[in-house]
Amino acid sequence: MRILGIDPGYAIVGFGVVDHNGRDFVPVEYGAILTEAHTDFPQRLKAIADDMDFICERFRPDCVSIEKLFFTNNQKTAIDVAQARGVTVLSVVRHGIEMFEYTPLQVKQAVVGYGRAEKKQVMDMTRRILRLEQIPKPDDAADALALAICHGHCCRGNVLSKKLGAYMR
């Protein structure tokens, strides 16, 4: 299964593509979509959508794992990130790719085994799971890879629990 992890944003959108065979994860590609700060916001959204279309077409993921947004303070930032996430989701839906959402707590739990893990722990465990020499840069790409790993672990758990449920009936 090919999983595209996405860490949404409007200045930086992290992405990470991994192949998962039910046990092992193999990194395919990772990086970030970058938009310039002084560009009109609608043009930034268009750039994100265009680049996301390219990523979906090039890597043809079976599913997408995207971070569920959670904001407490800055409403302006929250609205802008939500708009950027919206064009990202639209691109995924237009390509007919199934999408799954995870909170940061779920990602930490799936990758590290502890929902209150520090960001550095998640990044290092992502590096280890993918057998990379260094932690992926930028941080947004590492976060996107962690989202992909999270879905691989959660998907495997769902398949196992469905199989066990069939035996328990």
# chains A, B, ... in the order shown; residues from 1 in each chain; ligands from 1
$ residues_around --residues "Ala146 (chain A)" --least-positions-apart "2" --cutoff "7 Å" --atoms "only C-alpha atoms" --output "compact mmCIF listing (two decimals) with C-alpha atoms, in the first residue's frame"
# COMPACT_ATOMS: atom_id res chain seq x y z
CA VAL A 107 0.35 10.21 15.49
CA VAL A 111 4.81 6.25 15.98
CA THR A 126 10.23 8.24 12.18
CA ALA A 142 9.21 14.53 8.90
CA ASP A 143 5.73 15.23 10.32
CA ALA A 144 4.15 14.10 7.03
CA ALA A 148 1.97 8.10 6.83
CA ILE A 149 3.48 5.71 9.40
CA CYS A 150 0.56 6.40 11.74
$ closest_residue --among "A:Tyr114, A:Phe54, A:Phe100, A:Phe41" --to "Ile79 (chain A)" --atoms "only C-alpha atoms"
A:Phe41
$ residues_around --residues "Arg116 (chain A)" --least-positions-apart "3" --cutoff "8 Å" --atoms "only C-alpha atoms" --output "JSON, numbers by chain"
{"A": [105, 108, 109]}
$ residues_around --residues "Tyr102 (chain A)" --least-positions-apart "6" --cutoff "7 Å" --atoms "only C-alpha atoms" --output "list in words"
Ile66, Glu67 and Lys68 of chain A
$ closest_atom_pairs --of "region 54-155 of chain A" --to "region 13-35 of chain A" --cutoff "12 Å" --atoms "only C-alpha atoms" --output "Markdown table"
| residue | atom | partner | partner_atom | distance |
| --- | --- | --- | --- | --- |
| A:Phe54 | CA | A:Ile33 | CA | 10.9 |
| A:Ile55 | CA | A:Phe15 | CA | 8.8 |
| A:Cys56 | CA | A:Val17 | CA | 10.0 |
| A:Arg58 | CA | A:Glu29 | CA | 10.6 |
| A:Phe59 | CA | A:Val17 | CA | 7.6 |
| A:Arg60 | CA | A:Val17 | CA | 9.6 |
| A:Pro61 | CA | A:Val17 | CA | 7.7 |
| A:Asp62 | CA | A:Asp19 | CA | 9.6 |
| A:Cys63 | CA | A:Val17 | CA | 10.1 |
| A:Val64 | CA | A:Val17 | CA | 9.2 |
| A:Ser65 | CA | A:Gly16 | CA | 9.7 |
| A:Ile66 | CA | A:Phe15 | CA | 9.4 |
| A:Glu67 | CA | A:Gly14 | CA | 10.5 |
| A:Val81 | CA | A:Val13 | CA | 9.8 |
| A:Ala84 | CA | A:Val13 | CA | 8.7 |
| A:Arg85 | CA | A:Val13 | CA | 8.9 |
| A:Val87 | CA | A:Val13 | CA | 11.4 |
| A:Thr88 | CA | A:Val13 | CA | 9.1 |
| A:Val111 | CA | A:Phe25 | CA | 11.9 |
| A:Thr126 | CA | A:Phe25 | CA | 10.1 |
| A:Arg127 | CA | A:Pro27 | CA | 10.0 |
| A:Arg128 | CA | A:Phe25 | CA | 10.4 |
| A:Ile129 | CA | A:Phe25 | CA | 6.9 |
| A:Leu130 | CA | A:Phe25 | CA | 5.9 |
| A:Arg131 | CA | A:Val26 | CA | 8.2 |
| A:Leu132 | CA | A:Pro27 | CA | 8.6 |
| A:Ile135 | CA | A:Tyr30 | CA | 11.5 |
| A:Pro136 | CA | A:Tyr30 | CA | 7.9 |
| A:Lys137 | CA | A:Gly31 | CA | 7.3 |
| A:Pro138 | CA | A:Gly31 | CA | 7.1 |
| A:Asp139 | CA | A:Gly14 | CA | 7.9 |
| A:Asp140 | CA | A:Gly14 | CA | 4.4 |
| A:Ala141 | CA | A:Gly14 | CA | 4.3 |
| A:Ala142 | CA | A:Gly16 | CA | 7.5 |
| A:Asp143 | CA | A:Gly14 | CA | 7.0 |
| A:Ala144 | CA | A:Phe15 | CA | 5.0 |
| A:Leu145 | CA | A:Gly16 | CA | 4.6 |
| A:Ala146 | CA | A:Gly16 | CA | 8.3 |
| A:Leu147 | CA | A:Gly16 | CA | 8.3 |
| A:Ala148 | CA | A:Val18 | CA | 6.8 |
| A:Ile149 | CA | A:Phe25 | CA | 7.4 |
| A:Cys150 | CA | A:Phe25 | CA | 10.9 |
| A:His151 | CA | A:His20 | CA | 9.8 |
| A:Gly152 | CA | A:His20 | CA | 6.6 |
| A:His153 | CA | A:Gly22 | CA | 8.1 |
| A:Cys154 | CA | A:Gly22 | CA | 10.5 |
| A:Cys155 | CA | A:Gly22 | CA | 8.6 |
$ closest_residue --among "A:Arg44, A:Arg2, A:His38, A:Val122" --to "Gln83 (chain A)" --atoms "only C-alpha atoms"
A:Arg44
$ closest_residue --among "A:Ala49, A:Ala117, A:Val112, A:Lys76" --to "Leu90 (chain A)" --atoms "only C-alpha atoms"
A:Ala49
$ select_by_dssp --residues "region 100-144 of chain A" --states "helix (DSSP H, G or I)" --output "PyMOL selection string"
chain A and resi 104-112+119-129+139-144
$ closest_residue --among "A:Asp40, A:Asp80, A:Lys119, A:Arg94" --to "Tyr10 (chain A)" --atoms "only C-alpha atoms"
A:Asp80
$ select_by_dssp --residues "chain A" --states "strand (DSSP E or B)" --output "NGL selection string"
:A and (2-7 or 12-20 or 25-34 or 63-67 or 98-102)
$ atom_distance --atom1 "CA of Glu118 (chain A)" --atom2 "CA of Glu98 (chain A)"
29.1 Å
$ closest_residue --among "A:Thr77, A:Gln134, A:Ser91, A:Gln121" --to "Lys46 (chain A)" --atoms "only C-alpha atoms"
A:Ser91
$ closest_residue --among "A:Lys120, A:Ala78, A:Pro42, A:Glu57" --to "Gly9 (chain A)" --atoms "only C-alpha atoms"
A:Ala78
